[in-house]
file structure.cif (mmCIF, C-alpha atoms)
data_protein
loop_
_atom_site.label_atom_id
_atom_site.label_comp_id
_atom_site.auth_asym_id
_atom_site.auth_seq_id
_atom_site.Cartn_x
_atom_site.Cartn_y
_atom_site.Cartn_z
CA MET A 8 0.00 0.00 0.00
CA SER A 9 3.01 2.31 -0.24
CA ARG A 10 1.47 3.82 -3.38
CA TYR A 11 -1.20 5.42 -1.21
CA GLN A 12 0.94 6.28 1.82
CA ARG A 13 0.54 10.05 1.65
CA GLN A 14 -3.22 9.62 1.35
CA SER A 15 -3.85 6.81 3.83
CA MET A 16 -1.82 8.58 6.52
CA LEU A 17 -4.77 10.95 6.86
CA PRO A 18 -6.62 9.77 9.97
CA GLU A 19 -9.98 10.05 8.23
CA ILE A 20 -8.80 7.58 5.56
CA GLY A 21 -6.27 5.12 6.94
CA ASP A 22 -5.94 1.54 5.73
CA ALA A 23 -9.67 0.94 6.20
CA GLY A 24 -10.58 3.86 3.95
CA GLN A 25 -8.07 2.73 1.37
CA ARG A 26 -9.76 -0.68 1.26
CA VAL A 27 -13.10 1.06 0.77
CA LEU A 28 -11.72 2.81 -2.31
CA LEU A 29 -10.18 -0.40 -3.63
CA ASN A 30 -13.60 -2.09 -3.46
CA ALA A 31 -15.50 0.88 -4.93
CA ARG A 32 -17.14 0.65 -8.34
CA VAL A 33 -17.62 3.97 -10.11
CA LEU A 34 -19.38 4.84 -13.37
CA VAL A 35 -17.93 7.79 -15.29
CA VAL A 36 -19.98 9.12 -18.22
CA GLY A 37 -17.67 11.14 -20.46
CA ALA A 38 -13.93 11.01 -21.03
CA GLY A 39 -13.47 14.54 -22.34
CA GLY A 40 -12.27 17.63 -20.48
CA LEU A 41 -13.89 16.87 -17.14
CA GLY A 42 -12.98 13.21 -17.43
CA SER A 43 -9.37 14.03 -18.28
CA ALA A 44 -9.04 15.71 -14.89
CA LEU A 45 -11.09 13.39 -12.68
CA LEU A 46 -10.17 9.96 -14.09
CA PRO A 47 -6.42 10.11 -13.23
CA LEU A 48 -7.30 11.42 -9.76
CA LEU A 49 -9.71 8.54 -9.09
CA ALA A 50 -7.28 5.93 -10.40
CA GLY A 51 -4.42 7.54 -8.52
CA ALA A 52 -6.43 7.52 -5.29
CA GLY A 53 -6.92 3.76 -5.59
CA VAL A 54 -10.53 3.42 -6.78
CA GLY A 55 -10.63 -0.23 -7.76
CA TYR A 56 -13.07 -0.19 -10.69
CA LEU A 57 -13.96 2.46 -13.25
CA ARG A 58 -16.62 1.94 -15.92
CA ILE A 59 -16.29 4.63 -18.61
CA TYR A 60 -18.78 5.50 -21.37
CA ASP A 61 -17.75 7.74 -24.26
CA GLY A 62 -18.21 7.26 -27.99
CA ASP A 63 -16.04 10.12 -29.26
CA ARG A 64 -12.56 10.19 -30.72
CA VAL A 65 -9.65 12.44 -29.79
CA GLU A 66 -9.62 15.66 -31.83
CA GLU A 67 -6.87 18.25 -31.96
CA HIS A 68 -9.13 21.22 -31.21
CA ASN A 69 -10.13 19.64 -27.89
CA LEU A 70 -6.62 18.93 -26.59
CA HIS A 71 -6.36 22.25 -24.73
CA ARG A 72 -8.79 20.88 -22.14
CA GLN A 73 -8.65 17.09 -22.72
CA THR A 74 -5.23 16.79 -21.14
CA LEU A 75 -5.32 13.02 -20.80
CA TYR A 76 -4.49 12.79 -24.53
CA GLY A 77 -1.73 13.97 -26.86
CA MET A 78 -1.31 14.69 -30.55
CA GLU A 79 -0.35 11.06 -31.15
CA HIS A 80 -3.85 10.01 -30.02
CA THR A 81 -5.71 12.11 -32.61
CA GLY A 82 -8.41 10.02 -34.29
CA GLU A 83 -8.34 7.26 -31.68
CA LEU A 84 -11.26 6.42 -29.39
CA LYS A 85 -10.99 8.39 -26.18
CA VAL A 86 -11.94 5.43 -24.02
CA ASP A 87 -9.11 3.34 -25.49
CA CYS A 88 -6.58 6.08 -24.82
CA ALA A 89 -7.99 6.67 -21.34
CA ARG A 90 -7.72 2.99 -20.45
CA GLN A 91 -4.07 2.87 -21.52
CA ALA A 92 -3.23 6.01 -19.55
CA LEU A 93 -5.03 4.83 -16.39
CA ASN A 94 -3.53 1.33 -16.55
CA ALA A 95 -0.07 2.91 -16.82
CA ARG A 96 -0.82 5.16 -13.85
CA ASN A 97 -2.22 2.48 -11.54
CA PRO A 98 -2.49 -1.21 -12.50
CA ASP A 99 -4.55 -1.79 -9.32
CA CYS A 100 -7.47 0.00 -11.00
CA LYS A 101 -9.61 -2.09 -13.36
CA VAL A 102 -10.85 0.04 -16.24
CA ASP A 103 -13.95 -1.15 -18.11
CA THR A 104 -14.51 0.97 -21.22
CA GLN A 105 -17.64 1.28 -23.34
CA PRO A 106 -17.01 3.09 -26.66
CA GLN A 107 -20.48 4.57 -26.97
CA ALA A 108 -22.55 7.46 -25.72
CA LEU A 109 -24.74 6.49 -22.79
CA GLY A 110 -28.39 6.45 -23.81
CA ALA A 111 -31.51 6.04 -21.71
CA SER A 112 -31.96 2.44 -22.84
CA MET A 113 -28.52 1.55 -21.43
CA MET A 114 -28.95 3.01 -17.94
CA ALA A 115 -29.84 -0.21 -16.13
CA GLU A 116 -26.82 -2.03 -17.55
CA ALA A 117 -24.48 0.94 -16.99
CA LEU A 118 -25.51 1.29 -13.33
CA ASN A 119 -25.46 -2.43 -12.55
CA GLY A 120 -23.20 -3.03 -9.54
CA ILE A 121 -22.16 0.64 -9.36
CA ASP A 122 -21.62 2.45 -6.05
CA LEU A 123 -21.40 5.98 -7.43
CA ALA A 124 -21.96 7.67 -10.80
CA ILE A 125 -20.14 10.68 -12.19
CA ASP A 126 -21.65 12.79 -14.95
CA ALA A 127 -18.71 14.21 -16.91
CA ALA A 128 -20.54 14.42 -20.24
CA ASP A 129 -21.50 18.11 -19.74
CA ASN A 130 -24.69 17.41 -21.69
CA PHE A 131 -27.99 18.16 -19.99
CA ALA A 132 -29.86 15.33 -21.76
CA VAL A 133 -27.38 12.88 -20.22
CA THR A 134 -27.55 14.63 -16.84
CA TYR A 135 -31.34 14.44 -16.58
CA SER A 136 -31.42 10.82 -17.78
CA LEU A 137 -28.66 9.78 -15.40
CA SER A 138 -30.29 11.52 -12.43
CA ASP A 139 -33.67 9.97 -13.26
CA ALA A 140 -32.00 6.54 -13.24
CA CYS A 141 -29.85 7.07 -10.12
CA LEU A 142 -32.56 8.57 -7.91
CA PRO A 143 -34.81 5.49 -7.48
CA ARG A 144 -31.71 3.27 -7.13
CA ARG A 145 -30.30 5.60 -4.43
CA ILE A 146 -26.98 5.73 -6.29
CA PRO A 147 -25.07 8.97 -5.58
CA LEU A 148 -24.45 11.15 -8.63
CA VAL A 149 -21.75 13.82 -8.97
CA SER A 150 -22.44 16.15 -11.89
CA ALA A 151 -20.59 19.15 -13.28
CA SER A 152 -20.96 21.60 -16.12
CA VAL A 153 -18.64 24.31 -17.39
CA LEU A 154 -18.83 26.92 -20.12
CA GLY A 155 -16.46 29.76 -20.84
CA ARG A 156 -14.98 30.59 -17.41
CA GLN A 157 -17.91 29.53 -15.26
CA GLY A 158 -19.31 26.25 -14.02
CA TYR A 159 -20.78 24.27 -11.17
CA VAL A 160 -20.43 20.88 -9.50
CA GLY A 161 -22.95 19.17 -7.26
CA GLY A 162 -23.79 15.97 -5.43
CA PHE A 163 -27.24 14.56 -6.26
CA CYS A 164 -29.34 11.45 -5.61
CA GLY A 165 -28.23 8.83 -3.09
CA SER A 166 -29.35 10.42 0.18
CA ALA A 167 -29.97 13.78 -1.55
CA PRO A 168 -32.62 15.08 -3.96
CA GLY A 169 -32.15 14.51 -7.68
CA TYR A 170 -31.03 16.94 -10.35
CA ARG A 171 -34.59 17.97 -11.24
CA ALA A 172 -35.17 19.22 -7.68
CA VAL A 173 -32.54 21.90 -8.29
CA PHE A 174 -32.95 22.35 -12.05
CA PRO A 175 -36.62 21.54 -12.82
CA GLN A 176 -36.46 23.29 -16.20
CA LEU A 177 -34.03 22.73 -19.05
CA PRO A 178 -31.67 25.61 -19.90
CA ALA A 179 -32.90 28.32 -22.25
CA SER A 180 -30.20 27.62 -24.84
CA ALA A 181 -28.11 24.70 -26.03
CA ALA A 182 -24.75 26.48 -25.78
CA ASN A 183 -21.82 24.14 -25.15
CA CYS A 184 -18.04 24.09 -25.34
CA ASN A 185 -18.10 23.49 -29.09
CA SER A 186 -20.40 26.42 -29.81
CA ALA A 187 -19.47 28.94 -27.09
CA GLY A 188 -15.91 28.06 -26.06
CA VAL A 189 -14.28 27.17 -22.76
CA MET A 190 -10.97 27.60 -20.93
CA GLY A 191 -9.02 24.47 -20.07
CA PRO A 192 -8.13 25.34 -16.45
CA ALA A 193 -11.80 26.01 -15.66
CA VAL A 194 -12.68 22.54 -16.93
CA ALA A 195 -9.81 20.93 -15.02
CA THR A 196 -10.84 22.67 -11.79
CA LEU A 197 -14.41 21.42 -12.04
CA GLY A 198 -13.19 17.93 -12.89
CA ALA A 199 -10.91 17.92 -9.85
CA LEU A 200 -13.81 19.03 -7.67
CA GLN A 201 -15.86 16.14 -9.05
CA ALA A 202 -13.09 13.73 -8.07
CA GLN A 203 -12.88 15.21 -4.55
CA MET A 204 -16.64 14.98 -4.12
CA ALA A 205 -16.67 11.38 -5.38
CA LEU A 206 -13.91 10.28 -3.00
CA SER A 207 -15.57 12.09 -0.08
CA ILE A 208 -18.86 10.30 -0.77
CA LEU A 209 -17.22 6.90 -1.09
CA LEU A 210 -15.30 7.43 2.16
CA GLY A 211 -18.37 8.72 4.01
CA PHE A 212 -16.89 12.09 4.95
CA THR A 213 -19.13 14.58 6.75
CA PRO A 214 -20.59 16.94 5.90
CA SER A 215 -21.43 15.01 2.76
CA PRO A 216 -21.11 16.63 -0.67
CA LEU A 217 -24.50 15.07 -1.44
CA GLY A 218 -27.03 17.87 -1.35
CA CYS A 219 -24.35 20.50 -2.00
CA LEU A 220 -23.80 22.58 -5.14
CA ILE A 221 -20.74 24.78 -5.75
CA ASN A 222 -20.79 27.58 -8.32
CA CYS A 223 -17.38 28.60 -9.68
CA ASP A 224 -17.03 31.94 -11.49
CA PHE A 225 -13.51 32.46 -12.80
CA THR A 226 -14.42 35.81 -14.36
CA ARG A 227 -15.16 37.56 -11.05
CA TRP A 228 -13.38 34.98 -8.85
CA HIS A 229 -16.49 34.08 -6.91
CA PHE A 230 -16.93 30.64 -5.39
CA ARG A 231 -20.31 30.05 -3.78
CA GLN A 232 -21.92 26.95 -2.38
CA PHE A 233 -25.39 26.18 -1.15
CA ARG A 234 -27.11 23.11 0.20
CA PHE A 235 -30.34 21.73 -1.22
CA ASP A 236 -30.91 18.77 1.11
CA GLY A 237 -34.54 19.77 1.66
CA ALA A 238 -35.38 20.61 -1.95
CA ASP A 239 -38.59 19.02 -3.19
CA GLU A 240 -38.77 16.88 -6.28
CA PRO A 241 -41.17 18.22 -8.97
CA ASP A 242 -44.82 17.62 -8.03
CA ARG A 243 -45.76 16.25 -11.44
CA PRO A 244 -43.97 13.43 -13.25
CA SER A 245 -41.14 14.83 -15.35
CA VAL A 246 -41.07 14.28 -19.10
CA PRO A 247 -38.34 11.65 -19.54
CA PHE A 248 -35.52 11.60 -22.05
CA ILE A 249 -35.50 8.36 -24.04
CA ASP A 250 -33.58 7.10 -27.06
CA ARG A 251 -34.69 5.38 -30.25
CA HIS A 252 -34.29 1.95 -28.67
CA LEU A 253 -37.12 2.76 -26.26
CA LEU A 254 -39.60 3.64 -28.99
CA VAL A 255 -42.65 1.38 -29.35
CA SER A 256 -44.78 0.78 -32.43
CA ASN A 257 -47.70 2.89 -31.19
CA ASP A 258 -45.64 6.02 -30.45
CA CYS A 259 -46.55 9.25 -32.18
CA ILE A 260 -43.14 10.60 -33.17
CA VAL A 261 -43.02 14.36 -33.68
CA GLU A 262 -39.98 15.71 -35.54
CA LEU A 263 -39.44 19.34 -34.54
CA ARG A 264 -36.42 19.77 -36.80
CA SER A 265 -37.00 21.07 -40.31
CA GLN A 266 -36.52 18.91 -43.38
CA GLN A 267 -33.36 20.87 -44.14
CA GLU A 268 -31.97 20.40 -40.64
CA ALA A 269 -32.78 16.70 -40.48
CA PRO A 270 -33.52 15.19 -43.90
CA GLU A 271 -33.68 11.75 -42.28
CA SER A 272 -35.47 11.47 -38.97
CA ILE A 273 -35.00 8.79 -36.32
CA ALA A 274 -37.90 6.72 -37.72
CA ASP A 275 -39.68 6.15 -41.00
CA ARG A 276 -43.08 7.53 -40.07
CA VAL A 277 -43.02 10.83 -38.22
CA HIS A 278 -45.09 13.98 -37.95
CA ARG A 279 -43.05 17.03 -38.93
CA VAL A 280 -44.31 19.93 -36.84
CA GLN A 281 -42.58 23.25 -36.40
CA PRO A 282 -42.27 24.34 -32.73
CA GLU A 283 -44.59 27.32 -33.22
CA GLU A 284 -47.28 24.99 -34.62
CA ILE A 285 -47.49 22.91 -31.42
CA TYR A 286 -50.09 25.30 -29.96
CA ASP A 287 -52.65 24.27 -32.61
CA TRP A 288 -51.43 20.80 -33.62
CA GLN A 289 -53.81 17.97 -32.75
CA PRO A 290 -52.01 14.76 -31.71
CA PRO A 291 -53.57 11.34 -32.23
CA ALA A 292 -55.55 10.18 -29.21
CA ASP A 293 -54.31 7.64 -26.65
CA ARG A 294 -50.73 7.46 -27.93
CA ARG A 295 -47.46 8.51 -26.35
CA ILE A 296 -46.08 11.64 -28.01
CA VAL A 297 -42.30 11.50 -28.54
CA LEU A 298 -40.86 14.91 -29.33
CA VAL A 299 -37.58 14.97 -31.26
CA CYS A 300 -35.07 17.79 -31.75
CA ALA A 301 -31.30 18.20 -31.81
CA SER A 302 -30.56 19.04 -28.16
CA GLY A 303 -33.87 18.48 -26.38
CA ILE A 304 -34.59 22.16 -25.69
CA ARG A 305 -37.21 22.65 -28.41
CA ALA A 306 -38.76 19.33 -27.43
CA ALA A 307 -38.94 20.35 -23.75
CA LYS A 308 -40.65 23.63 -24.63
CA ALA A 309 -43.12 21.80 -26.87
CA ALA A 310 -43.77 19.30 -24.07
CA MET A 311 -44.68 22.15 -21.72
CA VAL A 312 -47.23 23.43 -24.24
CA LEU A 313 -48.73 19.97 -24.69
CA GLU A 314 -48.89 19.45 -20.92
CA GLN A 315 -50.80 22.71 -20.59
CA ARG A 316 -53.20 21.35 -23.19
CA GLY A 317 -53.77 18.24 -21.08
CA PHE A 318 -51.50 15.69 -22.76
CA THR A 319 -49.56 13.58 -20.26
CA GLN A 320 -47.99 10.72 -22.24
CA LEU A 321 -44.85 12.51 -23.40
CA ALA A 322 -41.17 11.76 -23.97
CA ILE A 323 -38.17 13.57 -25.45
CA ILE A 324 -35.37 12.43 -27.74
CA ALA A 325 -32.27 14.61 -28.15
CA ALA A 326 -31.23 13.27 -31.55
CA ASN A 327 -27.84 14.98 -31.74
CA ARG A 328 -26.79 14.28 -28.16
#

call {"tool": "encode", "arguments": {"input": "structure.cif", "output": "structure tokens"}}
result
Amino acid sequence: MSRYQRQSMLPEIGDAGQRVLLNARVLVVGAGGLGSALLPLLAGAGVGYLRIYDGDRVEEHNLHRQTLYGMEHTGELKVDCARQALNARNPDCKVDTQPQALGASMMAEALNGIDLAIDAADNFAVTYSLSDACLPRRIPLVSASVLGRQGYVGGFCGSAPGYRAVFPQLPASAANCNSAGVMGPAVATLGALQAQMALSILLGFTPSPLGCLINCDFTRWHFRQFRFDGADEPDRPSVPFIDRHLLVSNDCIVELRSQQEAPESIADRVHRVQPEEIYDWQPPADRRIVLVCASGIRAAKAAMVLEQRGFTQLAIIAANR
């Protein structure tokens, strides 16, 4: 155990805590900028099992924040490169990689046998789906998001409320790192905070990071935290995110993207309805309405309109997630 000497000498960890980490099984969704910071920290701390989902490949324009990779990895699957780097850093850590984006239909398999989940995808469709799956299973979830020079990290589910208790509504825009830009150190800081939260939860430190959210503003150098332990879950059932594998034959699929934006939809038979037409559009009776758009934002807004009109069987697909 000499590898962990400087960590296990802390009285709140010790040999017993180190064994807890060795037996821990952690799901990490995303091996990009956040993952590049948190994955080496978890492996270095002695977490015994990491299950990583990411379907993307290493690209040069992302290397400023995806510091787990180098120019020689360009074009390779990120999960393959991450596994090699983590195995080289700590052979005690078993790394199970899944070269695919995590969809709603995969949640049960992804969370099987997992003690803690980390949302490092920085994609709100993934965050809501992951929280919806973790909450009834009482699996702790550590989620972070960063854009530009600002971000947040929080501990959800487990013994705390879920993500929807704090963020009941989707964001107003679909801005992300690719469209709006981001600074690498901001991403690395949030990823490191995710790792610290994850280790603190696994080790049972008090006060727990579960039920705590930290806002980090690197423009004005403000760091604020608040607790949401007593936050209430939404009164009405939330409209779930699904993927195409969860579609059934009787679904009414509504494509909110234009023909030009999406010449081929996710299914053969769909209703193409522009978002502004939802107010007057008449859905077929007694069928689940599945609203499809690129990010999920247009679909969520359309779902709110349909809910106000009395329709309750609704679901959302973020086709470009």

call {"tool": "resolve_selection", "arguments": {"input": "structure.cif", "expression": "the PyMOL selection byres ((chain A and resi 40) around 9)", "output": "list in words"}}
result
Gly37, Ala38, Gly39, Leu41, Gly42, Ser43, Ala44, Leu45, Asn69, Leu70, His71, Arg72, Gln73, Thr74, Leu75, Ala127, Ala128, Gly191, Val194, Ala195 and Gly198 of chain A

call {"tool": "axis_aligned_box", "arguments": {"input": "structure.cif", "around": "range 297-309 of chain A", "padding_each_side": "5 Å", "output": "JSON"}}
result
{"center_x": -36.8, "center_y": 17.6, "center_z": -27.8, "size_x": 22.6, "size_y": 22.1, "size_z": 18.1}

call {"tool": "closest_residue", "arguments": {"input": "structure.cif", "among": "A:Ala325, A:Gln281, A:Gly110, A:Pro291", "to": "Ala309 in chain A", "atoms": "only C-alpha atoms"}}
result
A:Gln281

call {"tool": "resolve_selection", "arguments": {"input": "structure.cif", "expression": "the PyMOL selection byres ((chain A and resi 13-23) around 8)", "output": "PyMOL selection string"}}
result
chain A and resi 11-12+24-27+52+210+212

call {"tool": "residues_around", "arguments": {"input": "structure.cif", "residues": "range 230-235 of chain A", "least_positions_apart": "3", "cutoff": "6 Å", "atoms": "only C-alpha atoms", "output": "VMD selection string"}}
result
chain A and resid 218 to 223 238

call {"tool": "write_last_selection", "arguments": {"input": "structure.cif", "atoms": "C-alpha atoms", "output": "short mmCIF file (atom, residue, chain, number, x, y, z; two decimals), in the coordinates of the input"}}
result
data_model
loop_
_atom_site.label_atom_id
_atom_site.label_comp_id
_atom_site.auth_asym_id
_atom_site.auth_seq_id
_atom_site.Cartn_x
_atom_site.Cartn_y
_atom_site.Cartn_z
CA GLY A 218 -27.03 17.87 -1.35
CA CYS A 219 -24.35 20.50 -2.00
CA LEU A 220 -23.80 22.58 -5.14
CA ILE A 221 -20.74 24.78 -5.75
CA ASN A 222 -20.79 27.58 -8.32
CA CYS A 223 -17.38 28.60 -9.68
CA ALA A 238 -35.38 20.61 -1.95
#

call {"tool": "atom_distance", "arguments": {"input": "structure.cif", "atom1": "CA of Arg294 in chain A", "atom2": "CA of Asp258 in chain A"}}
result
5.9 Å

call {"tool": "resolve_selection", "arguments": {"input": "structure.cif", "expression": "the PyMOL selection byres ((chain A and resi 249) around 12)", "output": "ChimeraX atom specification"}}
result
/A:109-114,132-133,135-137,139-140,246-248,250-255,296-299,303,306,321-326,328

call {"tool": "atom_distance", "arguments": {"input": "structure.cif", "atom1": "CA of Ala167 in chain A", "atom2": "CA of Gly55 in chain A"}}
result
24.7 Å

call {"tool": "closest_residue", "arguments": {"input": "structure.cif", "among": "A:Val102, A:Leu177, A:Val54, A:Ile260", "to": "Phe131 in chain A", "atoms": "only C-alpha atoms"}}
result
A:Leu177

call {"tool": "atom_distance", "arguments": {"input": "structure.cif", "atom1": "CA of Ala108 in chain A", "atom2": "CA of Asp61 in chain A"}}
result
5.0 Å

call {"tool": "residues_around", "arguments": {"input": "structure.cif", "residues": "Glu284 in chain A", "least_positions_apart": "3", "cutoff": "12 Å", "atoms": "only C-alpha atoms", "output": "short mmCIF file (atom, residue, chain, number, x, y, z; two decimals) with C-alpha atoms, keeping the file's coordinate frame"}}
result
data_model
loop_
_atom_site.label_atom_id
_atom_site.label_comp_id
_atom_site.auth_asym_id
_atom_site.auth_seq_id
_atom_site.Cartn_x
_atom_site.Cartn_y
_atom_site.Cartn_z
CA VAL A 261 -43.02 14.36 -33.68
CA GLU A 262 -39.98 15.71 -35.54
CA LEU A 263 -39.44 19.34 -34.54
CA HIS A 278 -45.09 13.98 -37.95
CA ARG A 279 -43.05 17.03 -38.93
CA VAL A 280 -44.31 19.93 -36.84
CA GLN A 281 -42.58 23.25 -36.40
CA ASP A 287 -52.65 24.27 -32.61
CA TRP A 288 -51.43 20.80 -33.62
CA GLN A 289 -53.81 17.97 -32.75
CA PRO A 290 -52.01 14.76 -31.71
CA ALA A 309 -43.12 21.80 -26.87
CA VAL A 312 -47.23 23.43 -24.24
CA LEU A 313 -48.73 19.97 -24.69
#

call {"tool": "closest_residue", "arguments": {"input": "structure.cif", "among": "A:Pro270, A:Thr319, A:Glu240, A:Asn130", "to": "Ser302 in chain A", "atoms": "all atoms listed in the file"}}
result
A:Asn130

call {"tool": "residues_around", "arguments": {"input": "structure.cif", "residues": "Arg156 in chain A", "least_positions_apart": "6", "cutoff": "12 Å", "atoms": "only C-alpha atoms", "output": "list in words"}}
result
Cys184, Ala187, Gly188, Val189, Met190, Gly191, Pro192, Ala193, Val194, Ala195, Thr196, Leu197, Asn222, Cys223, Asp224, Phe225, Thr226, Arg227, Trp228 and His229 of chain A

call {"tool": "closest_residue", "arguments": {"input": "structure.cif", "among": "A:Arg10, A:Arg264, A:His68, A:Arg145", "to": "Pro168 in chain A", "atoms": "only C-alpha atoms"}}
result
A:Arg145

call {"tool": "decode", "arguments": {"input": "structure.cif", "residues": "range 138-196 of chain A", "atoms": "C-alpha atoms", "output": "PDB file, in the first residue's frame"}}
result
ATOM      1  CA  SER A 138     -30.286  11.515 -12.428  1.00  0.00           C
ATOM      2  CA  ASP A 139     -33.668   9.967 -13.261  1.00  0.00           C
ATOM      3  CA  ALA A 140     -32.000   6.536 -13.240  1.00  0.00           C
ATOM      4  CA  CYS A 141     -29.848   7.070 -10.120  1.00  0.00           C
ATOM      5  CA  LEU A 142     -32.563   8.573  -7.914  1.00  0.00           C
ATOM      6  CA  PRO A 143     -34.805   5.486  -7.481  1.00  0.00           C
ATOM      7  CA  ARG A 144     -31.713   3.271  -7.127  1.00  0.00           C
ATOM      8  CA  ARG A 145     -30.302   5.597  -4.433  1.00  0.00           C
ATOM      9  CA  ILE A 146     -26.984   5.729  -6.288  1.00  0.00           C
ATOM     10  CA  PRO A 147     -25.070   8.974  -5.576  1.00  0.00           C
ATOM     11  CA  LEU A 148     -24.445  11.154  -8.625  1.00  0.00           C
ATOM     12  CA  VAL A 149     -21.749  13.820  -8.973  1.00  0.00           C
ATOM     13  CA  SER A 150     -22.444  16.147 -11.889  1.00  0.00           C
ATOM     14  CA  ALA A 151     -20.590  19.151 -13.282  1.00  0.00           C
ATOM     15  CA  SER A 152     -20.964  21.599 -16.118  1.00  0.00           C
ATOM     16  CA  VAL A 153     -18.635  24.311 -17.392  1.00  0.00           C
ATOM     17  CA  LEU A 154     -18.833  26.917 -20.120  1.00  0.00           C
ATOM     18  CA  GLY A 155     -16.461  29.765 -20.836  1.00  0.00           C
ATOM     19  CA  ARG A 156     -14.979  30.585 -17.407  1.00  0.00           C
ATOM     20  CA  GLN A 157     -17.914  29.529 -15.264  1.00  0.00           C
ATOM     21  CA  GLY A 158     -19.314  26.254 -14.016  1.00  0.00           C
ATOM     22  CA  TYR A 159     -20.785  24.269 -11.167  1.00  0.00           C
ATOM     23  CA  VAL A 160     -20.426  20.885  -9.504  1.00  0.00           C
ATOM     24  CA  GLY A 161     -22.945  19.173  -7.261  1.00  0.00           C
ATOM     25  CA  GLY A 162     -23.786  15.971  -5.432  1.00  0.00           C
ATOM     26  CA  PHE A 163     -27.235  14.563  -6.264  1.00  0.00           C
ATOM     27  CA  CYS A 164     -29.339  11.445  -5.606  1.00  0.00           C
ATOM     28  CA  GLY A 165     -28.226   8.832  -3.089  1.00  0.00           C
ATOM     29  CA  SER A 166     -29.353  10.418   0.182  1.00  0.00           C
ATOM     30  CA  ALA A 167     -29.966  13.779  -1.550  1.00  0.00           C
ATOM     31  CA  PRO A 168     -32.616  15.081  -3.964  1.00  0.00           C
ATOM     32  CA  GLY A 169     -32.152  14.509  -7.678  1.00  0.00           C
ATOM     33  CA  TYR A 170     -31.027  16.939 -10.352  1.00  0.00           C
ATOM     34  CA  ARG A 171     -34.593  17.965 -11.243  1.00  0.00           C
ATOM     35  CA  ALA A 172     -35.175  19.219  -7.683  1.00  0.00           C
ATOM     36  CA  VAL A 173     -32.543  21.902  -8.292  1.00  0.00           C
ATOM     37  CA  PHE A 174     -32.950  22.348 -12.049  1.00  0.00           C
ATOM     38  CA  PRO A 175     -36.616  21.545 -12.823  1.00  0.00           C
ATOM     39  CA  GLN A 176     -36.462  23.290 -16.204  1.00  0.00           C
ATOM     40  CA  LEU A 177     -34.029  22.726 -19.045  1.00  0.00           C
ATOM     41  CA  PRO A 178     -31.668  25.614 -19.905  1.00  0.00           C
ATOM     42  CA  ALA A 179     -32.896  28.320 -22.253  1.00  0.00           C
ATOM     43  CA  SER A 180     -30.196  27.624 -24.841  1.00  0.00           C
ATOM     44  CA  ALA A 181     -28.107  24.697 -26.028  1.00  0.00           C
ATOM     45  CA  ALA A 182     -24.746  26.475 -25.783  1.00  0.00           C
ATOM     46  CA  ASN A 183     -21.818  24.140 -25.151  1.00  0.00           C
ATOM     47  CA  CYS A 184     -18.041  24.091 -25.339  1.00  0.00           C
ATOM     48  CA  ASN A 185     -18.100  23.487 -29.086  1.00  0.00           C
ATOM     49  CA  SER A 186     -20.403  26.424 -29.806  1.00  0.00           C
ATOM     50  CA  ALA A 187     -19.469  28.939 -27.094  1.00  0.00           C
ATOM     51  CA  GLY A 188     -15.911  28.057 -26.063  1.00  0.00           C
ATOM     52  CA  VAL A 189     -14.278  27.169 -22.764  1.00  0.00           C
ATOM     53  CA  MET A 190     -10.969  27.602 -20.932  1.00  0.00           C
ATOM     54  CA  GLY A 191      -9.018  24.467 -20.070  1.00  0.00           C
ATOM     55  CA  PRO A 192      -8.133  25.342 -16.449  1.00  0.00           C
ATOM     56  CA  ALA A 193     -11.804  26.007 -15.660  1.00  0.00           C
ATOM     57  CA  VAL A 194     -12.684  22.535 -16.935  1.00  0.00           C
ATOM     58  CA  ALA A 195      -9.812  20.933 -15.017  1.00  0.00           C
ATOM     59  CA  THR A 196     -10.843  22.668 -11.787  1.00  0.00           C
TER      60      THR A 196
END
